[in-house]
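Heads up, the thing below is written out as C-alpha cells.
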Amino acid sequence: MAQAYVTETGSGGSEPGRQGARFRRLVDGWRNDRGIWRRGLVTAGFAVLLALVMLFHAQIPNGVGNLGSLIETFLPWLGFLVPVLLVIGFVRKSATALIAVLLPGIIWVSSFGGLITDKSGAGGDLTVATHNVNAENADPSGTARDVAASGADVVALEELTADAVPTYEKALAGTYKYHSVQGTVGLWSKYPLTGTKPVDIKLGWTRAMRTTVASPKGEVAVYVAHLPSVRVKLDAGFTANQRDASADALGEAIADEPTSKVVLLGDLNGTMNDRALNAVTSQMRSTQGAAGDGFGFSWPASFPMARIDQIMVKGVEPLSSWTLPETGSDHLPIAARLEL
C-alpha cells in the first residue's frame, strides 16, 4: 500500500521563539564585541555636554549675546536630541554612548516630564484669558469674537493700535460691560474695575497697566503687560536688554502691590525658564505649570515653539490652564480658571 508523506514547511518555530533567538544573538554579538566600549565616544561626549547644558543652564553667562536666556527660551526642545543620540548609539553599537544618553534623558524627564501630564481640575471662581492680538491683525473683530467665545470673565489684549481699539471695543461690548485701554494694552471684564492706572515699565510709553477686578468672590489685582520684543541677530545675539529692564520694573510693581490676590496677564516675550524674568517669576506661579495640560506653547501660532504669553498668579489657586484656537494673530490666546 502506498503511503503519502507530508513535509512540513514553515519557519521551524513559533514567532516568540524566533524573536527570543534574535535577541540572544544580538546580546551575544554585543557581548563578544571588543569595541563596544571604545566606539561612540564622540556621541557619548555630546550626550554628557547636553546633560550639563540642561542641568546648569542658569550658569550659562548672558554676557555674550544673552546666550543663557536664548537657550532657556527653547530649553524643552533640547529633549529632542535625546532620541537622536540614542539611535546613533544603537547604530554605532556603543554601550558607552547608550549609557551616556541616559543622563540628558533623566534630566529632561525630571525637569519637564510633569508638564506632559494633564493637571487640570474642575470648578473655579474666575476665568481669565490673554491674547497678543498683533498690531497687523487683518481681522480684529473676528479675533475679539474668538477670544470672547472662550467664556472668560476677564480678557487682556496686548499690541492694540489706536485704529483697532474701536473695533475691539465694539466687538466685546456685548459680553464685557467694563473695560479700560492704557496705551497698547487693555482689559475687558464682566465685573467692575477700579483703581485702573498705567504701570511704568521703563519704556517711555505705556505697555502695562494695573486694575482691581471686583469679582463675586472678592477683589483681585490684575496686571496686563507687554514686555519689549526680543530678536536673534547674527551680529548681536539674543537682544533682550530692554525686555530685561522692563521685567525688573514690572516685578517691582507687583512686589509693591498691596492686594493679596494678584493675576498677571500678558505677553512677556520670555518663558518661565528665562532667568531674565526672575523679578516676576520668583514671586508668582505659572498657571500652565501648576494646572496645565502639556507645554502650552503660544508662539508662533502657525507652529508654537515657546510659551512667551503668560498667566501668572499670587495668592490665587490655578485650577486649569490651556491654549485657545488660532485667531488672526501670530500668537495663540491662552486662558486659565482660578480659585479665589
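Here, A, B, ... name the chains of the C-alpha cells in the order displayed, residue numbers run from 1 inside each chain, and ligands are numbered from 1 in the same displayed order.
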Spatial neighbours of A:Val42, 12 Å, only C-alpha atoms, chain gap at least 2 places, as a count of residues only: 20
Helix (DSSP H, G or I) call set, DSSP backbone run, stretch 28-225 of chain A, as a ChimeraX atom specification: /A:28-31,41-55,57-59,67-73,75-91,95-116,140-148,165-172
Residue nearest A:Glu158 - candidates A:Pro228, A:Gly270, A:Gly68, A:Gly186, atoms counted: only C-alpha atoms: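 Of A:Pro228, A:Gly270, A:Gly68, A:Gly186, the one nearest A:Glu158 is A:Gly186, counting only C-alpha atoms.
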Cut-off 12 Å: closest stretch 53-75 of chain A/stretch 276-282 of chain A atom pairs per residue, using only C-alpha atoms, as a tab-separated table:
residue	atom	partner	partner_atom	distance
A:Ala58	CA	A:Ala276	CA	10.2
A:Pro61	CA	A:Ala276	CA	11.5
A:Asn62	CA	A:Ala276	CA	9.3
A:Asn66	CA	A:Ala276	CA	9.5
A:Leu67	CA	A:Ala276	CA	11.5
A:Gly68	CA	A:Ala276	CA	9.3
A:Ser69	CA	A:Ala276	CA	6.8
A:Leu70	CA	A:Ala276	CA	10.3
A:Ile71	CA	A:Ala276	CA	11.9
A:Glu72	CA	A:Ala276	CA	9.7
A:Thr73	CA	A:Ala276	CA	10.3
Output N, CA, C and O atoms of each residue in that selection to a file, as a compact mmCIF listing (two decimals), in the first residue's frame.
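New file out.txt:
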# COMPACT_ATOMS: atom_id res chain seq x y z
N ALA A 58 21.31 77.72 34.04
CA ALA A 58 21.29 79.01 34.74
C ALA A 58 22.69 79.59 34.91
O ALA A 58 22.83 80.79 35.17
N PRO A 61 26.52 82.09 30.90
CA PRO A 61 26.51 83.56 31.02
C PRO A 61 25.70 84.24 29.94
O PRO A 61 25.56 83.74 28.82
N ASN A 62 25.15 85.39 30.30
CA ASN A 62 24.41 86.22 29.36
C ASN A 62 25.29 87.34 28.80
O ASN A 62 24.81 88.17 28.04
N ASN A 66 23.46 87.37 25.26
CA ASN A 66 22.40 86.80 26.09
C ASN A 66 22.19 85.32 25.78
O ASN A 66 21.06 84.83 25.68
N LEU A 67 23.31 84.59 25.63
CA LEU A 67 23.25 83.19 25.24
C LEU A 67 22.44 82.35 26.23
O LEU A 67 21.67 81.47 25.83
N GLY A 68 22.61 82.63 27.52
CA GLY A 68 21.89 81.86 28.53
C GLY A 68 20.39 81.97 28.37
O GLY A 68 19.66 80.97 28.40
N SER A 69 19.89 83.19 28.20
CA SER A 69 18.45 83.40 28.04
C SER A 69 17.94 82.77 26.74
O SER A 69 16.81 82.25 26.70
N LEU A 70 18.75 82.81 25.69
CA LEU A 70 18.34 82.20 24.43
C LEU A 70 18.14 80.70 24.59
O LEU A 70 17.14 80.13 24.14
N ILE A 71 19.09 80.05 25.25
CA ILE A 71 18.98 78.60 25.48
C ILE A 71 17.78 78.29 26.36
O ILE A 71 17.03 77.34 26.13
N GLU A 72 17.57 79.11 27.39
CA GLU A 72 16.46 78.86 28.32
C GLU A 72 15.10 79.06 27.66
O GLU A 72 14.12 78.43 28.05
N THR A 73 15.02 79.92 26.64
CA THR A 73 13.76 80.14 25.95
C THR A 73 13.28 78.86 25.25
O THR A 73 12.08 78.57 25.23
DSSP-assigned strand (DSSP E or B) among stretch 29-261 of chain A, expressed as an NGL selection string: :A and (118 or 126-132 or 154-158 or 178-182 or 185-189 or 193-198 or 208-215 or 218-226 or 231-233 or 237-239)
Minimum-distance residue to A:Asp125, chosen among A:Leu172, A:Val87, A:Val154, A:Leu52 (using only C-alpha atoms): A:Val154
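For the pair atom CA of A:His331 and atom CA of A:Ser189, the interatomic distance is 21.3 Å.
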